[in-house]
Amino acid sequence: MRSSQILSTLACALWLPFAVTAHAQDATQPAPESESEEATPTSLGSPFPPAFPGQTNGPVVTSSTRYQITQIATGFNRPWAIAFLPDGRMLVTEKPTGKLYIVTQQGAKSAPVAGLPAVDGRDQGGLLDVEVAPDFATSRLIFWTYYEPRSAGNGLAVGRGRLLDGAQPRIDSLRIIFRMKPTLDSTMHAGGRLVFHPDGTLFVTLGERSILPGRVQARQLNSHFGKIVRINLDGSVPANNPFVNRTGARPEIYSLGHRNVLAAALDGQGRLWEVEMGPLGGDELNLVGAGKDYGWPTIGYGTEYSGAPIHQSGQGPGMEQPVYFWNPVISPSGMTIYSGNLFPEWKGNFFIGGLSSHALVRLVIANDRVVGEERLKPAGNGRVREVVQGPEGALYLLTDDPNGRLLKMTPQGATP
Ligand SMILES: [Ca+2]
């Protein structure tokens with residue numbers, strides 16, 4: 001379908017007499033982008049200068065650390081997320097099929113976990129993130145995000161349930177604790193990362209659905225589109241959320257003005273960072289604050305994938321600047337902030353999976369600014385969908401393809 005979108009974009013450019021009709025159609029058509037399209041460009045000149053030195057194209061750095069890759073398992077259909085059980089086994093989601101597997105360190109895959117709700121698996125939808133509850137040892141709870149089919153469209157939802165182990169693992173006590181509202185029919189920009197905070201709340205990152213009727217809601221408080229929300233683990237709203245007393249605002253909202261937040265992680269101080277899939281030339285790293293507005297679609301540094309302008313400015317009053325943006329884009333996926341001991345050189349570094357960039361992006365951060373960037377290639381020329389730190393300090397990765405691989409990075413010479 002991406003090639004048909006490119007053709008329609010070309011048609012729009014070539015058949016000027018029909019431009020009005022073409023634009024009317026564009027209002028409901030997803031914009032092609034590097035999330036799932038290899039043929040689109042990843043760079044074009046930025047329309048606006050950066051707000052401060054080092055906001056883009058940071059210094060290239062090179063690790064002295066050498067690593068090795070072990071392939072743990074393969075044959076996952078576009079896997080999306082990894083989460084560790086306390087015994088070292090992993091939960092792995094498959095996006096389009098909606099299947100969840102338990103995978104051992106030796107690569108043995110369980111039967112698909114039974115009892116998960118059906119997903120809308122088209123395009124960027126499907127079964128997305130999975131996380132193991134902080135109190136899993138006693139509660140057995142796991143949480144996951146998925147694109148939920150609804151009668152008048154779809155929307156991201158968060159499910160939780162008790163994981164019952166065994167030859168046929170299954171979910172018991174299923175509850176849907178969050179539903180993105182309003183319902184709209186889009187197969188794009190779902191967001192979907194889950195991050196537990198030590199204060200007992202759960203961040204859920206969301207997208208603005210890509211199509212224009214969704215995009216225009218990214219800064220509107222009556223909509224979940226383009227937001228990061230914060231909920232309690234039973235789905236109720238924390239009393240200290242920033243907009244709980246604002247009439248007409250959805251009380252789950254924590255931050256607004258995002259495009260499609262596909263990566264999120266806490267730093268050592270418990271602060272939330274996110275990387276969002278931007279337009280052409282506009283992927284962003286943001287440090288997320290309660291109640292803050294990150295500006296999409298009003299401000300930004302990119303353009304439409306067609307090259308058409310989106311913003312009138314890179315900066316605007318009351319709106320936050322990204323800590324960093326990428327041009328050309330990396331097409332972010334998962335991220336982790338490294339805190340392990342296996343790679344001492346990498347402590348505190350940000351690792352972000354790259355789809356169109358076919359890379360694992362390493363950022364060196366100082367004083368909340370990017371002071372170094374490296375592109376690692378642990379998956380060869382594969383698209384990196386997920387990066388998670390294992391309990392022993394290794395990095396675990398998923399590649400994004402129909403025969404997706406689960407890989408492990410350890411220091412060269414270490415026992416894998
Ligand atoms: Ca922004």
# chains A, B, ... in the order shown; residues from 1 in each chain; ligands from 1
call {"tool": "residues_around", "arguments": {"residues": "Ala133 in chain A", "least_positions_apart": "5", "cutoff": "9 Å", "atoms": "only C-alpha atoms", "output": "PyMOL selection string"}}
result
chain A and resi 139-143+196+233
call {"tool": "select_by_dssp", "arguments": {"residues": "range 130-199 of chain A", "states": "alpha helix (DSSP H)", "output": "mmCIF file with C-alpha atoms, in the first residue's frame"}}
result
data_model
loop_
_atom_site.group_PDB
_atom_site.id
_atom_site.type_symbol
_atom_site.label_atom_id
_atom_site.label_comp_id
_atom_site.auth_asym_id
_atom_site.auth_seq_id
_atom_site.Cartn_x
_atom_site.Cartn_y
_atom_site.Cartn_z
ATOM 1 C CA PHE A 136 4.841 -9.659 39.105
ATOM 2 C CA ALA A 137 6.365 -12.121 41.589
ATOM 3 C CA THR A 138 3.180 -11.914 43.629
ATOM 4 C CA SER A 139 0.573 -10.500 41.221
#
call {"tool": "closest_residue", "arguments": {"among": "A:Pro149, A:Pro112, A:Pro402, A:Gly413", "to": "Gly75 in chain A", "atoms": "only C-alpha atoms"}}
result
A:Pro402
call {"tool": "residues_near_ligand", "arguments": {"ligand": "ligand 1", "cutoff": "9 Å", "atoms": "only C-alpha atoms and all ligand atoms", "output": "list in words"}}
result
Gly257, His258, Arg259, Glu276, Gly278, Gly282, Asp283, Glu284, Leu285, Asn286, Asp293, Tyr294, Gly295, Trp296, Pro297, Thr298, Ile299, Gly300, Tyr301, Gly314, Met319, Glu320, Gln321 and Pro322 of chain A
call {"tool": "write_last_selection", "arguments": {"atoms": "N, CA and C atoms", "output": "compact mmCIF listing (two decimals), in the first residue's frame"}}
result
# COMPACT_ATOMS: atom_id res chain seq x y z
N GLY A 257 0.93 17.41 22.37
CA GLY A 257 1.67 17.94 21.22
C GLY A 257 2.72 16.99 20.68
N HIS A 258 2.44 15.68 20.77
CA HIS A 258 3.35 14.67 20.22
C HIS A 258 2.80 14.14 18.89
N ARG A 259 3.71 13.60 18.07
CA ARG A 259 3.26 13.04 16.79
C ARG A 259 3.01 11.54 16.93
N GLU A 276 10.08 10.45 19.44
CA GLU A 276 8.90 10.29 18.61
C GLU A 276 9.24 10.30 17.13
N GLY A 278 8.95 11.50 13.79
CA GLY A 278 8.55 12.79 13.26
C GLY A 278 8.22 12.72 11.79
N GLY A 282 12.30 15.26 11.02
CA GLY A 282 11.81 15.79 12.28
C GLY A 282 11.65 14.80 13.42
N ASP A 283 12.34 13.65 13.41
CA ASP A 283 12.30 12.78 14.60
C ASP A 283 12.88 13.55 15.78
N GLU A 284 12.27 13.37 16.97
CA GLU A 284 12.64 14.19 18.13
C GLU A 284 12.92 13.35 19.37
N LEU A 285 13.89 13.83 20.16
CA LEU A 285 14.11 13.38 21.54
C LEU A 285 13.59 14.47 22.47
N ASN A 286 12.71 14.12 23.39
CA ASN A 286 12.15 15.09 24.34
C ASN A 286 12.29 14.58 25.77
N ASP A 293 3.63 21.00 26.60
CA ASP A 293 3.14 20.92 25.23
C ASP A 293 4.34 20.85 24.29
N TYR A 294 4.45 19.77 23.54
CA TYR A 294 5.63 19.55 22.68
C TYR A 294 5.41 20.02 21.24
N GLY A 295 4.26 20.66 21.00
CA GLY A 295 4.13 21.51 19.82
C GLY A 295 3.59 20.93 18.53
N TRP A 296 3.58 19.61 18.38
CA TRP A 296 3.07 19.03 17.13
C TRP A 296 1.57 19.25 17.02
N PRO A 297 1.03 19.67 15.88
CA PRO A 297 1.72 19.92 14.60
C PRO A 297 2.06 21.39 14.37
N THR A 298 2.04 22.22 15.41
CA THR A 298 2.21 23.67 15.20
C THR A 298 3.65 24.03 14.91
N ILE A 299 4.57 23.49 15.72
CA ILE A 299 5.99 23.77 15.49
C ILE A 299 6.75 22.47 15.27
N GLY A 300 7.92 22.59 14.67
CA GLY A 300 8.76 21.42 14.43
C GLY A 300 9.79 21.74 13.37
N TYR A 301 10.62 20.75 13.08
CA TYR A 301 11.76 20.99 12.18
C TYR A 301 11.69 20.19 10.88
N GLY A 314 9.92 26.79 13.78
CA GLY A 314 10.49 25.71 14.59
C GLY A 314 10.24 25.91 16.07
N MET A 319 5.45 26.35 24.01
CA MET A 319 5.71 25.01 23.49
C MET A 319 7.19 24.65 23.70
N GLU A 320 7.41 23.38 24.03
CA GLU A 320 8.75 22.91 24.38
C GLU A 320 9.59 22.65 23.14
N GLN A 321 10.87 22.86 23.27
CA GLN A 321 11.82 22.48 22.23
C GLN A 321 12.29 21.05 22.44
N PRO A 322 12.48 20.29 21.35
CA PRO A 322 13.11 18.99 21.53
C PRO A 322 14.54 19.16 22.01
call {"tool": "residues_around", "arguments": {"residues": "range 330-340 of chain A", "least_positions_apart": "3", "cutoff": "7 Å", "atoms": "only C-alpha atoms", "output": "JSON, numbers by chain"}}
result
{"A": [34, 35, 262, 263, 264, 265, 267, 275, 276, 277, 283, 326, 343, 346, 347, 348, 349, 350, 351, 352, 353, 354, 355, 356, 357, 385, 386, 387, 388, 389, 393]}
call {"tool": "select_by_dssp", "arguments": {"residues": "range 47-188 of chain A", "states": "strand (DSSP E or B)", "output": "VMD selection string"}}
result
chain A and resid 56 60 67 to 76 79 to 84 90 to 94 100 to 103 109 114 127 to 132 141 to 150 153 to 164 170 to 179 184
call {"tool": "write_last_selection", "arguments": {"atoms": "C-alpha atoms", "output": "PDB file, in the first residue's frame"}}
result
ATOM      1  CA  THR A  56      20.751  18.312  15.724  1.00  0.00           C
ATOM      2  CA  VAL A  60      29.924  11.594  15.954  1.00  0.00           C
ATOM      3  CA  TYR A  67      30.504  -6.332  21.231  1.00  0.00           C
ATOM      4  CA  GLN A  68      29.319  -9.679  19.908  1.00  0.00           C
ATOM      5  CA  ILE A  69      25.873 -10.769  18.774  1.00  0.00           C
ATOM      6  CA  THR A  70      24.133 -13.993  19.715  1.00  0.00           C
ATOM      7  CA  GLN A  71      20.948 -14.921  17.875  1.00  0.00           C
ATOM      8  CA  ILE A  72      18.586 -16.324  20.492  1.00  0.00           C
ATOM      9  CA  ALA A  73      15.597 -17.038  18.257  1.00  0.00           C
ATOM     10  CA  THR A  74      14.167 -16.207  14.866  1.00  0.00           C
ATOM     11  CA  GLY A  75      10.919 -16.616  12.951  1.00  0.00           C
ATOM     12  CA  PHE A  76       8.911 -13.882  14.672  1.00  0.00           C
ATOM     13  CA  PRO A  79       8.024  -8.624  16.532  1.00  0.00           C
ATOM     14  CA  TRP A  80       7.584  -5.374  18.471  1.00  0.00           C
ATOM     15  CA  ALA A  81       8.560  -5.700  22.116  1.00  0.00           C
ATOM     16  CA  ILE A  82      10.529  -7.697  24.681  1.00  0.00           C
ATOM     17  CA  ALA A  83       9.908  -7.872  28.432  1.00  0.00           C
ATOM     18  CA  PHE A  84      11.789  -9.948  30.982  1.00  0.00           C
ATOM     19  CA  MET A  90      11.296 -13.151  27.778  1.00  0.00           C
ATOM     20  CA  LEU A  91       7.866 -12.138  26.580  1.00  0.00           C
ATOM     21  CA  VAL A  92       7.945 -11.252  22.876  1.00  0.00           C
ATOM     22  CA  THR A  93       5.034  -9.686  20.975  1.00  0.00           C
ATOM     23  CA  GLU A  94       4.255 -10.083  17.285  1.00  0.00           C
ATOM     24  CA  LEU A 100       2.577 -13.233  22.510  1.00  0.00           C
ATOM     25  CA  TYR A 101       5.308 -15.810  23.169  1.00  0.00           C
ATOM     26  CA  ILE A 102       7.421 -16.797  26.150  1.00  0.00           C
ATOM     27  CA  VAL A 103      10.998 -17.379  24.981  1.00  0.00           C
ATOM     28  CA  LYS A 109       9.375 -20.540  22.111  1.00  0.00           C
ATOM     29  CA  ALA A 114      -3.986 -17.737  24.981  1.00  0.00           C
ATOM     30  CA  LEU A 127      -0.037  -6.151  19.369  1.00  0.00           C
ATOM     31  CA  LEU A 128       2.624  -3.669  20.439  1.00  0.00           C
ATOM     32  CA  ASP A 129       4.354  -3.284  23.799  1.00  0.00           C
ATOM     33  CA  VAL A 130       4.378  -5.712  26.716  1.00  0.00           C
ATOM     34  CA  GLU A 131       5.651  -5.057  30.248  1.00  0.00           C
ATOM     35  CA  VAL A 132       5.874  -7.174  33.371  1.00  0.00           C
ATOM     36  CA  LEU A 141       0.300  -9.338  36.122  1.00  0.00           C
ATOM     37  CA  ILE A 142       1.511  -8.350  32.686  1.00  0.00           C
ATOM     38  CA  PHE A 143       0.426  -5.260  30.713  1.00  0.00           C
ATOM     39  CA  TRP A 144       0.303  -4.779  26.953  1.00  0.00           C
ATOM     40  CA  THR A 145      -0.803  -2.276  24.309  1.00  0.00           C
ATOM     41  CA  TYR A 146      -2.659  -3.075  21.124  1.00  0.00           C
ATOM     42  CA  TYR A 147      -4.718  -1.517  18.383  1.00  0.00           C
ATOM     43  CA  GLU A 148      -8.255  -2.425  19.430  1.00  0.00           C
ATOM     44  CA  PRO A 149     -10.867  -3.040  16.713  1.00  0.00           C
ATOM     45  CA  ARG A 150     -14.053  -1.075  17.469  1.00  0.00           C
ATOM     46  CA  GLY A 153     -12.966   2.371  13.868  1.00  0.00           C
ATOM     47  CA  ASN A 154     -10.159   1.489  16.233  1.00  0.00           C
ATOM     48  CA  GLY A 155      -7.892   2.894  18.916  1.00  0.00           C
ATOM     49  CA  LEU A 156      -5.004   2.013  21.151  1.00  0.00           C
ATOM     50  CA  ALA A 157      -5.905   0.105  24.319  1.00  0.00           C
ATOM     51  CA  VAL A 158      -4.002  -1.202  27.331  1.00  0.00           C
ATOM     52  CA  GLY A 159      -4.787  -4.680  28.570  1.00  0.00           C
ATOM     53  CA  ARG A 160      -3.619  -6.378  31.717  1.00  0.00           C
ATOM     54  CA  GLY A 161      -3.994  -9.899  33.021  1.00  0.00           C
ATOM     55  CA  ARG A 162      -2.419 -12.636  35.099  1.00  0.00           C
ATOM     56  CA  LEU A 163       0.033 -14.789  33.166  1.00  0.00           C
ATOM     57  CA  LEU A 164      -0.606 -18.455  33.870  1.00  0.00           C
ATOM     58  CA  ARG A 170      -2.763 -18.157  29.065  1.00  0.00           C
ATOM     59  CA  ILE A 171      -4.054 -14.870  30.393  1.00  0.00           C
ATOM     60  CA  ASP A 172      -6.460 -14.936  33.311  1.00  0.00           C
ATOM     61  CA  SER A 173      -8.451 -12.035  34.850  1.00  0.00           C
ATOM     62  CA  LEU A 174      -8.223  -9.941  31.678  1.00  0.00           C
ATOM     63  CA  ARG A 175      -9.038  -6.244  32.100  1.00  0.00           C
ATOM     64  CA  ILE A 176      -8.816  -3.402  29.609  1.00  0.00           C
ATOM     65  CA  ILE A 177      -7.584  -0.517  31.760  1.00  0.00           C
ATOM     66  CA  PHE A 178      -7.275   2.242  29.138  1.00  0.00           C
ATOM     67  CA  ARG A 179      -8.891   3.050  25.820  1.00  0.00           C
ATOM     68  CA  LEU A 184     -11.273   6.918  14.720  1.00  0.00           C
TER      69      LEU A 184
END
call {"tool": "residues_around", "arguments": {"residues": "range 214-222 of chain A", "least_positions_apart": "2", "cutoff": "6 Å", "atoms": "only C-alpha atoms", "output": "list of chain:residue names"}}
result
A:Glu208, A:Arg209, A:Ser210, A:Ile211, A:Leu212, A:Phe225, A:Gly226, A:Gly248, A:Ala249, A:Arg250, A:Leu256, A:Gly257
call {"tool": "closest_residue", "arguments": {"among": "A:Arg193, A:Arg122, A:Arg383, A:Lys292", "to": "Phe243 in chain A", "atoms": "only C-alpha atoms"}}
result
A:Lys292
call {"tool": "closest_residue", "arguments": {"among": "A:Val244, A:Ala394, A:Val288, A:Val113", "to": "Thr415 in chain A", "atoms": "only C-alpha atoms"}}
result
A:Ala394
call {"tool": "atom_distance", "arguments": {"atom1": "CA of Gln168 in chain A", "atom2": "CA of Pro117 in chain A"}}
result
16.4 Å
call {"tool": "closest_residue", "arguments": {"among": "A:His197, A:Phe48, A:Arg66, A:Gly404", "to": "Lys377 in chain A", "atoms": "only C-alpha atoms"}}
result
A:Arg66
call {"tool": "atom_distance", "arguments": {"atom1": "CA of Gln124 in chain A", "atom2": "CA of Met180 in chain A"}}
result
15.5 Å
call {"tool": "decode", "arguments": {"residues": "range 180-228 of chain A", "atoms": "N, CA and C atoms", "output": "compact mmCIF listing (two decimals), in the first residue's frame"}}
result
# COMPACT_ATOMS: atom_id res chain seq x y z
N MET A 180 -7.84 4.60 24.27
CA MET A 180 -7.65 5.90 23.62
C MET A 180 -8.97 6.37 23.01
N LYS A 181 -9.30 7.64 23.30
CA LYS A 181 -10.54 8.21 22.78
C LYS A 181 -10.22 9.52 22.05
N PRO A 182 -10.95 9.95 21.05
CA PRO A 182 -12.13 9.27 20.52
C PRO A 182 -11.73 8.11 19.60
N THR A 183 -12.72 7.32 19.24
CA THR A 183 -12.52 6.27 18.24
C THR A 183 -12.42 6.90 16.86
N LEU A 184 -11.46 6.42 16.09
CA LEU A 184 -11.27 6.92 14.72
C LEU A 184 -10.71 5.75 13.94
N ASP A 185 -10.96 5.68 12.65
CA ASP A 185 -10.42 4.58 11.86
C ASP A 185 -9.09 4.99 11.25
N SER A 186 -7.99 4.50 11.82
CA SER A 186 -6.66 4.74 11.25
C SER A 186 -5.79 3.54 11.58
N THR A 187 -4.94 3.17 10.66
CA THR A 187 -4.03 2.05 10.91
C THR A 187 -2.62 2.55 11.22
N MET A 188 -2.47 3.85 11.44
CA MET A 188 -1.15 4.44 11.61
C MET A 188 -1.02 5.11 12.99
N HIS A 189 0.23 5.49 13.32
CA HIS A 189 0.56 6.33 14.48
C HIS A 189 -0.21 5.95 15.74
N ALA A 190 0.04 4.72 16.18
CA ALA A 190 -0.64 4.22 17.37
C ALA A 190 0.07 4.61 18.66
N GLY A 191 1.38 4.96 18.56
CA GLY A 191 2.17 5.07 19.79
C GLY A 191 2.29 3.68 20.40
N GLY A 192 2.18 3.58 21.72
CA GLY A 192 2.03 2.25 22.32
C GLY A 192 3.08 1.82 23.32
N ARG A 193 4.05 2.68 23.69
CA ARG A 193 5.02 2.23 24.69
C ARG A 193 4.45 2.39 26.10
N LEU A 194 4.80 1.45 26.96
CA LEU A 194 4.41 1.45 28.37
C LEU A 194 5.66 1.65 29.22
N VAL A 195 5.57 2.53 30.22
CA VAL A 195 6.69 2.72 31.15
C VAL A 195 6.12 2.81 32.57
N PHE A 196 6.53 1.89 33.43
CA PHE A 196 6.14 1.97 34.84
C PHE A 196 7.01 3.00 35.54
N HIS A 197 6.40 3.81 36.39
CA HIS A 197 7.17 4.74 37.22
C HIS A 197 7.20 4.20 38.65
N PRO A 198 8.31 4.43 39.37
CA PRO A 198 8.37 3.94 40.75
C PRO A 198 7.29 4.51 41.67
N ASP A 199 6.62 5.61 41.25
CA ASP A 199 5.55 6.15 42.09
C ASP A 199 4.25 5.36 41.98
N GLY A 200 4.29 4.25 41.22
CA GLY A 200 3.12 3.39 41.13
C GLY A 200 2.22 3.68 39.94
N THR A 201 2.62 4.63 39.08
CA THR A 201 1.80 4.94 37.92
C THR A 201 2.41 4.32 36.66
N LEU A 202 1.65 4.41 35.58
CA LEU A 202 2.04 3.83 34.29
C LEU A 202 1.87 4.90 33.22
N PHE A 203 2.97 5.17 32.48
CA PHE A 203 2.89 6.04 31.31
C PHE A 203 2.53 5.21 30.09
N VAL A 204 1.64 5.74 29.26
CA VAL A 204 1.27 5.12 27.99
C VAL A 204 1.49 6.18 26.91
N THR A 205 2.32 5.86 25.92
CA THR A 205 2.59 6.83 24.86
C THR A 205 1.63 6.59 23.70
N LEU A 206 1.15 7.68 23.12
CA LEU A 206 0.13 7.59 22.08
C LEU A 206 0.56 8.36 20.84
N GLY A 207 -0.06 8.04 19.72
CA GLY A 207 0.17 8.76 18.48
C GLY A 207 -1.07 9.55 18.10
N GLU A 208 -0.93 10.38 17.06
CA GLU A 208 -2.06 11.22 16.66
C GLU A 208 -2.81 10.66 15.45
N ARG A 209 -2.57 9.41 15.13
CA ARG A 209 -3.32 8.63 14.15
C ARG A 209 -2.93 8.94 12.70
N SER A 210 -2.06 9.90 12.48
CA SER A 210 -1.51 10.24 11.17
C SER A 210 -2.48 11.00 10.26
N ILE A 211 -3.68 10.48 10.10
CA ILE A 211 -4.61 11.16 9.19
C ILE A 211 -4.99 12.53 9.78
N LEU A 212 -5.28 13.48 8.90
CA LEU A 212 -5.43 14.86 9.36
C LEU A 212 -6.51 15.06 10.42
N PRO A 213 -7.66 14.35 10.33
CA PRO A 213 -8.65 14.54 11.41
C PRO A 213 -8.10 14.15 12.78
N GLY A 214 -7.09 13.29 12.81
CA GLY A 214 -6.44 12.94 14.08
C GLY A 214 -5.33 13.92 14.41
N ARG A 215 -4.53 14.26 13.42
CA ARG A 215 -3.38 15.14 13.66
C ARG A 215 -3.80 16.45 14.32
N VAL A 216 -4.92 17.01 13.89
CA VAL A 216 -5.33 18.32 14.43
C VAL A 216 -5.71 18.25 15.91
N GLN A 217 -5.83 17.05 16.46
CA GLN A 217 -6.20 16.91 17.87
C GLN A 217 -4.98 16.76 18.80
N ALA A 218 -3.78 16.81 18.22
CA ALA A 218 -2.59 16.47 19.02
C ALA A 218 -2.35 17.44 20.18
N ARG A 219 -2.82 18.70 20.05
CA ARG A 219 -2.64 19.66 21.13
C ARG A 219 -3.95 19.98 21.83
N GLN A 220 -5.02 19.23 21.49
CA GLN A 220 -6.33 19.48 22.10
C GLN A 220 -6.52 18.58 23.32
N LEU A 221 -6.92 19.18 24.43
CA LEU A 221 -6.99 18.43 25.68
C LEU A 221 -8.23 17.54 25.79
N ASN A 222 -9.17 17.67 24.85
CA ASN A 222 -10.35 16.80 24.89
C ASN A 222 -10.12 15.49 24.13
N SER A 223 -8.90 15.26 23.69
CA SER A 223 -8.56 14.08 22.88
C SER A 223 -7.29 13.44 23.42
N HIS A 224 -7.22 12.11 23.32
CA HIS A 224 -5.98 11.42 23.71
C HIS A 224 -4.94 11.42 22.59
N PHE A 225 -5.32 11.83 21.39
CA PHE A 225 -4.40 11.71 20.26
C PHE A 225 -3.18 12.59 20.49
N GLY A 226 -2.01 12.05 20.20
CA GLY A 226 -0.79 12.83 20.30
C GLY A 226 -0.40 13.16 21.74
N LYS A 227 -0.77 12.31 22.68
CA LYS A 227 -0.50 12.57 24.10
C LYS A 227 0.36 11.45 24.69
N ILE A 228 0.95 11.76 25.84
CA ILE A 228 1.40 10.73 26.76
C ILE A 228 0.43 10.80 27.93
